[in-house]
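With compact mmCIF, C-alpha atoms inside, this is work-v2.txt:
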```
# COMPACT_ATOMS: atom_id res chain seq x y z
CA MET A 1 2.14 11.73 26.79
CA ASP A 2 3.50 8.59 25.16
CA SER A 3 3.37 9.44 21.46
CA ALA A 4 3.67 5.74 20.59
CA ASN A 5 0.31 4.94 22.23
CA LEU A 6 -1.98 7.86 21.52
CA LEU A 7 -5.04 5.58 21.39
CA GLU A 8 -4.29 2.99 24.03
CA ASN A 9 -7.45 1.22 25.27
CA LYS A 10 -9.64 3.07 22.77
CA ALA A 11 -12.41 1.09 21.05
CA VAL A 12 -12.61 2.12 17.40
CA VAL A 13 -14.95 1.30 14.52
CA VAL A 14 -13.78 1.95 10.94
CA THR A 15 -16.12 1.42 8.00
CA GLY A 16 -14.66 0.43 4.65
CA GLY A 17 -11.51 -0.76 6.38
CA SER A 18 -10.40 -3.60 4.12
CA ARG A 19 -8.68 -1.61 1.36
CA GLY A 20 -7.09 1.68 0.39
CA ILE A 21 -7.45 4.62 2.73
CA GLY A 22 -9.64 2.62 5.11
CA ARG A 23 -7.00 -0.08 5.53
CA SER A 24 -4.32 2.50 6.23
CA ILE A 25 -6.56 4.10 8.86
CA VAL A 26 -7.13 0.73 10.54
CA LEU A 27 -3.41 -0.04 10.70
CA THR A 28 -2.39 3.46 11.78
CA LEU A 29 -4.87 3.57 14.66
CA ALA A 30 -4.06 0.02 15.78
CA ALA A 31 -0.35 0.90 15.76
CA GLN A 32 -1.21 3.57 18.32
CA GLY A 33 -2.77 1.06 20.69
CA ALA A 34 -6.41 1.17 19.57
CA ASP A 35 -8.64 -1.88 19.51
CA VAL A 36 -10.12 -1.58 16.02
CA THR A 37 -13.05 -3.35 14.43
CA PHE A 38 -13.43 -2.60 10.76
CA LEU A 39 -16.49 -3.18 8.63
CA TYR A 40 -16.26 -4.39 5.04
CA CYS A 41 -18.91 -5.11 2.46
CA SER A 42 -17.91 -8.16 0.42
CA ASN A 43 -14.19 -8.57 -0.29
CA GLU A 44 -13.21 -11.20 2.26
CA ALA A 45 -9.76 -11.68 0.74
CA ALA A 46 -8.95 -7.99 1.18
CA ALA A 47 -10.29 -8.09 4.74
CA ASN A 48 -8.02 -11.03 5.53
CA GLU A 49 -5.06 -9.15 4.07
CA THR A 50 -5.79 -6.26 6.41
CA LEU A 51 -6.01 -8.61 9.38
CA ALA A 52 -2.69 -10.19 8.41
CA ALA A 53 -1.04 -6.78 8.04
CA ALA A 54 -2.19 -5.88 11.56
CA ALA A 55 -0.39 -8.78 13.20
CA GLY A 56 2.08 -7.57 15.79
CA LEU A 57 0.65 -4.08 16.22
CA SER A 58 0.15 -2.79 19.75
CA GLY A 59 -3.63 -2.70 19.32
CA THR A 60 -5.99 -5.40 18.12
CA VAL A 61 -7.85 -5.59 14.81
CA LYS A 62 -11.07 -7.47 14.06
CA ALA A 63 -13.31 -7.55 11.00
CA LYS A 64 -17.07 -7.71 10.48
CA ARG A 65 -18.81 -8.18 7.15
CA VAL A 66 -21.51 -5.51 7.01
CA ASP A 67 -23.15 -3.67 4.13
CA VAL A 68 -23.49 -0.11 5.41
CA ARG A 69 -26.51 0.37 3.14
CA ASN A 70 -28.46 -1.98 5.40
CA ALA A 71 -29.55 -0.13 8.55
CA GLU A 72 -30.55 -3.27 10.49
CA ASN A 73 -27.22 -4.97 9.80
CA CYS A 74 -25.35 -1.86 10.91
CA GLU A 75 -27.31 -1.66 14.16
CA GLN A 76 -26.68 -5.32 14.92
CA ALA A 77 -22.96 -5.04 14.19
CA ILE A 78 -22.51 -1.91 16.31
CA ASP A 79 -24.39 -3.46 19.22
CA GLU A 80 -22.14 -6.54 19.03
CA ILE A 81 -18.98 -4.43 18.92
CA ALA A 82 -20.10 -2.28 21.84
CA GLU A 83 -21.09 -5.31 23.90
CA ASP A 84 -17.71 -6.90 23.27
CA ALA A 85 -15.66 -3.76 23.99
CA GLY A 86 -17.94 -2.20 26.58
CA LYS A 87 -17.89 1.11 24.67
CA ILE A 88 -17.20 2.81 21.37
CA ASP A 89 -14.76 5.70 21.66
CA ILE A 90 -14.06 6.52 18.02
CA LEU A 91 -15.91 6.07 14.74
CA VAL A 92 -14.31 6.59 11.33
CA ASN A 93 -16.75 6.61 8.40
CA SER A 94 -14.51 5.64 5.50
CA ALA A 95 -16.73 3.42 3.34
CA GLY A 96 -17.34 4.93 -0.08
CA ILE A 97 -17.69 4.15 -3.78
CA ILE A 98 -17.50 5.99 -7.09
CA ARG A 99 -19.52 5.61 -10.28
CA ASP A 100 -18.06 8.39 -12.43
CA ASN A 101 -19.63 9.57 -15.66
CA ILE A 102 -21.02 12.77 -17.11
CA LEU A 103 -24.51 13.52 -15.80
CA GLY A 104 -26.32 12.63 -19.02
CA LEU A 105 -24.85 9.13 -18.97
CA LEU A 106 -25.35 8.35 -15.28
CA THR A 107 -27.88 5.58 -14.71
CA ASN A 108 -30.35 5.50 -11.85
CA ASP A 109 -28.20 2.85 -10.21
CA ASP A 110 -25.07 5.02 -10.58
CA ILE A 111 -26.77 7.75 -8.60
CA GLN A 112 -28.62 5.64 -6.06
CA GLU A 113 -25.71 3.32 -5.22
CA VAL A 114 -23.31 6.20 -4.60
CA LEU A 115 -25.77 8.08 -2.40
CA ALA A 116 -26.83 4.90 -0.59
CA THR A 117 -23.26 3.99 0.32
CA ASN A 118 -21.62 7.39 0.75
CA VAL A 119 -24.45 9.22 2.52
CA VAL A 120 -27.15 6.85 3.79
CA GLY A 121 -24.45 4.41 4.87
CA VAL A 122 -22.92 7.06 7.11
CA PHE A 123 -26.29 7.73 8.76
CA ASN A 124 -26.83 3.99 9.19
CA VAL A 125 -23.65 3.67 11.25
CA LEU A 126 -23.90 6.98 13.09
CA ARG A 127 -27.36 6.34 14.48
CA PRO A 128 -26.48 3.21 16.52
CA VAL A 129 -23.01 4.48 17.51
CA ILE A 130 -23.99 7.87 18.94
CA PRO A 131 -26.06 6.54 21.90
CA TYR A 132 -23.00 4.64 23.15
CA MET A 133 -20.92 7.80 23.00
CA VAL A 134 -23.65 9.88 24.63
CA SER A 135 -23.83 7.40 27.52
CA LYS A 136 -20.13 7.99 28.21
CA ARG A 137 -20.36 11.72 27.40
CA ARG A 138 -17.33 11.51 25.13
CA GLY A 139 -16.39 10.38 21.65
CA LYS A 140 -14.70 11.19 18.37
CA ILE A 141 -16.38 10.90 14.97
CA ILE A 142 -14.28 11.33 11.84
CA ASN A 143 -15.94 11.30 8.43
CA ILE A 144 -13.97 10.77 5.24
CA SER A 145 -15.11 13.16 2.54
CA SER A 146 -13.27 14.36 -0.58
CA VAL A 147 -12.08 17.55 -2.22
CA ALA A 148 -14.82 16.74 -4.75
CA GLY A 149 -17.31 17.89 -2.14
CA GLU A 150 -16.16 21.50 -2.56
CA LYS A 151 -14.22 21.66 -5.84
CA GLY A 152 -15.99 20.69 -9.02
CA GLY A 153 -14.77 17.94 -11.30
CA ARG A 154 -16.08 16.59 -14.59
CA GLY A 155 -17.98 13.32 -14.37
CA GLN A 156 -18.42 13.40 -10.60
CA THR A 157 -21.80 15.01 -9.96
CA ASN A 158 -23.08 12.01 -8.02
CA TYR A 159 -19.87 11.58 -6.03
CA ALA A 160 -19.47 15.32 -5.42
CA ALA A 161 -23.04 15.55 -4.17
CA SER A 162 -22.45 12.68 -1.76
CA LYS A 163 -19.27 14.20 -0.35
CA GLY A 164 -20.74 17.69 -0.12
CA ALA A 165 -23.49 16.11 1.96
CA ILE A 166 -20.91 14.59 4.30
CA ASN A 167 -19.22 17.96 4.76
CA ALA A 168 -22.56 19.51 5.71
CA LEU A 169 -23.48 16.58 7.94
CA THR A 170 -20.18 16.93 9.80
CA LYS A 171 -20.77 20.57 10.65
CA ALA A 172 -24.39 20.09 11.69
CA LEU A 173 -23.62 17.04 13.80
CA ALA A 174 -20.73 18.83 15.51
CA VAL A 175 -23.21 21.45 16.73
CA GLU A 176 -25.67 18.79 17.84
CA LEU A 177 -23.18 16.68 19.78
CA ALA A 178 -20.89 19.31 21.30
CA PRO A 179 -22.97 19.52 24.52
CA ARG A 180 -22.29 15.80 24.98
CA ASN A 181 -18.52 16.26 24.55
CA ILE A 182 -18.55 14.35 21.26
CA LEU A 183 -16.35 15.89 18.58
CA VAL A 184 -17.14 15.54 14.88
CA ASN A 185 -14.63 16.33 12.15
CA CYS A 186 -14.04 15.46 8.52
CA VAL A 187 -10.99 14.62 6.40
CA ALA A 188 -11.26 15.47 2.69
CA PRO A 189 -8.58 13.66 0.66
CA GLY A 190 -7.43 14.75 -2.77
CA VAL A 191 -6.02 12.28 -5.30
CA ILE A 192 -4.62 9.42 -3.24
CA GLU A 193 -2.84 6.41 -4.74
CA THR A 194 -5.50 3.75 -4.25
CA GLU A 195 -7.47 1.37 -6.42
CA MET A 196 -10.34 3.88 -6.49
CA THR A 197 -8.26 6.55 -8.24
CA GLU A 198 -6.34 4.25 -10.56
CA ALA A 199 -8.39 5.08 -13.65
CA ILE A 200 -8.01 8.85 -13.37
CA ARG A 201 -4.31 8.54 -12.59
CA GLN A 202 -3.77 6.41 -15.68
CA GLN A 203 -5.87 8.56 -18.00
CA ALA A 204 -4.88 12.04 -16.88
CA GLY A 205 -2.19 11.58 -14.27
CA ASP A 206 0.20 14.26 -15.56
CA VAL A 207 -2.56 16.84 -15.89
CA VAL A 208 -3.90 16.11 -12.43
CA LYS A 209 -0.44 16.13 -10.87
CA SER A 210 0.28 19.50 -12.46
CA ARG A 211 -2.59 20.94 -10.40
CA ILE A 212 -1.20 19.64 -7.10
CA LEU A 213 1.11 22.17 -5.49
CA LEU A 214 3.28 19.50 -3.87
CA GLY A 215 3.72 17.78 -7.23
CA ARG A 216 2.77 14.25 -6.19
CA PHE A 217 -0.22 12.07 -5.50
CA GLY A 218 -1.03 11.42 -1.87
CA GLN A 219 -0.49 8.15 -0.06
CA PRO A 220 -3.13 6.48 2.12
CA GLU A 221 -0.88 7.12 5.11
CA ASP A 222 -1.12 10.87 4.48
CA VAL A 223 -4.84 10.64 5.17
CA ALA A 224 -4.54 8.14 8.02
CA ASN A 225 -2.15 10.40 9.92
CA VAL A 226 -4.69 13.24 9.89
CA VAL A 227 -7.40 10.83 11.04
CA LEU A 228 -5.07 9.88 13.90
CA PHE A 229 -4.83 13.54 14.89
CA PHE A 230 -8.62 13.89 14.99
CA ALA A 231 -9.00 10.58 16.86
CA SER A 232 -6.44 11.42 19.54
CA SER A 233 -6.41 13.87 22.44
CA LEU A 234 -4.27 16.19 20.29
CA SER A 235 -7.52 17.50 18.75
CA ASP A 236 -9.62 17.83 21.88
CA TYR A 237 -10.45 21.48 21.10
CA VAL A 238 -11.32 20.92 17.44
CA THR A 239 -14.79 20.13 16.11
CA GLY A 240 -16.89 20.81 13.02
CA GLN A 241 -13.88 21.05 10.72
CA VAL A 242 -13.29 19.78 7.18
CA LEU A 243 -9.55 19.40 6.66
CA HIS A 244 -8.29 18.93 3.10
CA VAL A 245 -5.44 16.46 2.68
CA ASP A 246 -4.70 17.09 -0.97
CA GLY A 247 -1.22 18.56 -1.41
CA GLY A 248 -2.76 21.86 -2.44
CA PHE A 249 -4.88 20.32 -5.21
CA LYS A 250 -6.64 22.82 -7.51
CA MET A 251 -5.12 25.81 -5.73
CA SER A 252 -2.59 26.46 -8.50
```

What does the file become when written as structure tokens?
Amino acid sequence: MDSANLLENKAVVVTGGSRGIGRSIVLTLAAQGADVTFLYCSNEAAANETLAAAAGLSGTVKAKRVDVRNAENCEQAIDEIAEDAGKIDILVNSAGIIRDNILGLLTNDDIQEVLATNVVGVFNVLRPVIPYMVSKRRGKIINISSVAGEKGGRGQTNYAASKGAINALTKALAVELAPRNILVNCVAPGVIETEMTEAIRQQAGDVVKSRILLGRFGQPEDVANVVLFFASSLSDYVTGQVLHVDGGFKMS
């Protein structure tokens, strides 16, 4: 096996691919020969930066502006991608938001927007993608969760609930799709150096870092490399798993 082209000729969809962990996933998979289309919600400048960063990689990278909260838009986008590529081999559900606050101060919008993006958005993309995978009787689905889905944290009840749901969805869907040779796994990052975690790293960085066994915050590439494992043939006998990429966070 050519380790430099683990995903050659694979058609990949990545949601939330314009920034942070999602961008790193897009670039990592494209560097391994994949033809990647990433979805982004509104930040066109960030999407263009991702496209520019992908120049020269062995795979191709395209962008589509889609709000994953809108089921009709998701269905249209997936149909267009599948028609263009002739298939969808791999889906990475990376789109997600946070609206942290203690429960008593969370607004209705804080709760609804997080659940709409982090949970309903995943369903909205899964539903049109799965028939294309079923028709080929193969596929890889990788959901991006969080350690918050299993390990409690102050001010994250809405976010933790959304990521716990994704962990459960992953396991149930793995059972459902195994007879069709479609594998479903989940990557649960810890504290990764992205824009999303900037506030907590600034406010309590030393305290948080003291609870990470490896003594450092993660990099987006740490997560992307595990996604690559799940997306490639290296994981062909692995399904229904939630793999923490957190440096041993909260174990100490």

Would you pick out the contacts of Glu221 (chain A) at 8 Å or less, using all atoms listed in the file, so that residues sharing its chain but fewer than 4 positions from it are not included, and give the list as JSON, numbers by chain? {"A": [21, 24, 25, 28, 225]}

Dump as a compact mmCIF listing (two decimals), in the coordinates of the input, selection limited to C-alpha atoms:
```
# COMPACT_ATOMS: atom_id res chain seq x y z
CA ILE A 21 -7.45 4.62 2.73
CA SER A 24 -4.32 2.50 6.23
CA ILE A 25 -6.56 4.10 8.86
CA THR A 28 -2.39 3.46 11.78
CA ASN A 225 -2.15 10.40 9.92
```

Point-to-point distance from CA of Ile212 (chain A) to CA of Thr239 (chain A), Å rounded to tenths: 26.9 Å

Pick out the residues sitting within 8 Å of Val226 (chain A), and hand them over as a compact mmCIF listing (two decimals) with C-alpha atoms, in the frame of the given file; count all atoms listed in the file, and ignore anything fewer than 3 positions along from it in its own chain.
```
# COMPACT_ATOMS: atom_id res chain seq x y z
CA VAL A 187 -10.99 14.62 6.40
CA ASP A 222 -1.12 10.87 4.48
CA VAL A 223 -4.84 10.64 5.17
CA PHE A 229 -4.83 13.54 14.89
CA PHE A 230 -8.62 13.89 14.99
CA VAL A 245 -5.44 16.46 2.68
```

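Taking CA of Asp67 (chain A) and CA of Leu173 (chain A) as the two end points, the separation is 22.9 Å.
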
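For the set A:Ala52, A:Ile97, A:Ala178, A:Ala231, the residue with the smallest atom-to-atom gap to Ala34 (chain A) is A:Ala231, counting all atoms listed in the file.
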
Interatomic distance, CA of Arg137 (chain A) to CA of Gly59 (chain A) (Å, one decimal):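 It comes out at 23.5 Å.
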
Would you compute an axis-aligned box for region 215-223 of chain A, covering every atom listed for it in the file with 5 Å of margin on each side, and report centre and edge lengths in Å to one decimal as lines of an AutoDock Vina configuration file?
```
center_x = -0.6
center_y = 12.1
center_z = -1.0
size_x = 18.6
size_y = 21.3
size_z = 22.4
```

Counting all atoms listed in the file, which of A:Gln76, A:Ser18, A:Asn118, A:Asn70 gets nearest to Ile144 (chain A)?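 The closest residue to Ile144 (chain A) is A:Asn118.
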
Give me, as CSV, the closest atom pair and its distance (Å, one decimal) for every residue of region 19-129 of chain A within a cut-off of 7 Å of region 152-163 of chain A, counting only C-alpha atoms, rows sorted by chain and rising number.
```
residue,atom,partner,partner_atom,distance
A:Ile98,CA,A:Tyr159,CA,6.2
A:Asp100,CA,A:Gly155,CA,5.3
A:Asn101,CA,A:Gly155,CA,4.3
A:Ile102,CA,A:Gly155,CA,4.1
A:Leu103,CA,A:Thr157,CA,6.6
A:Ile111,CA,A:Asn158,CA,5.7
A:Val114,CA,A:Tyr159,CA,6.5
A:Leu115,CA,A:Ser162,CA,5.7
A:Asn118,CA,A:Ser162,CA,5.9
A:Val119,CA,A:Ser162,CA,5.9
```
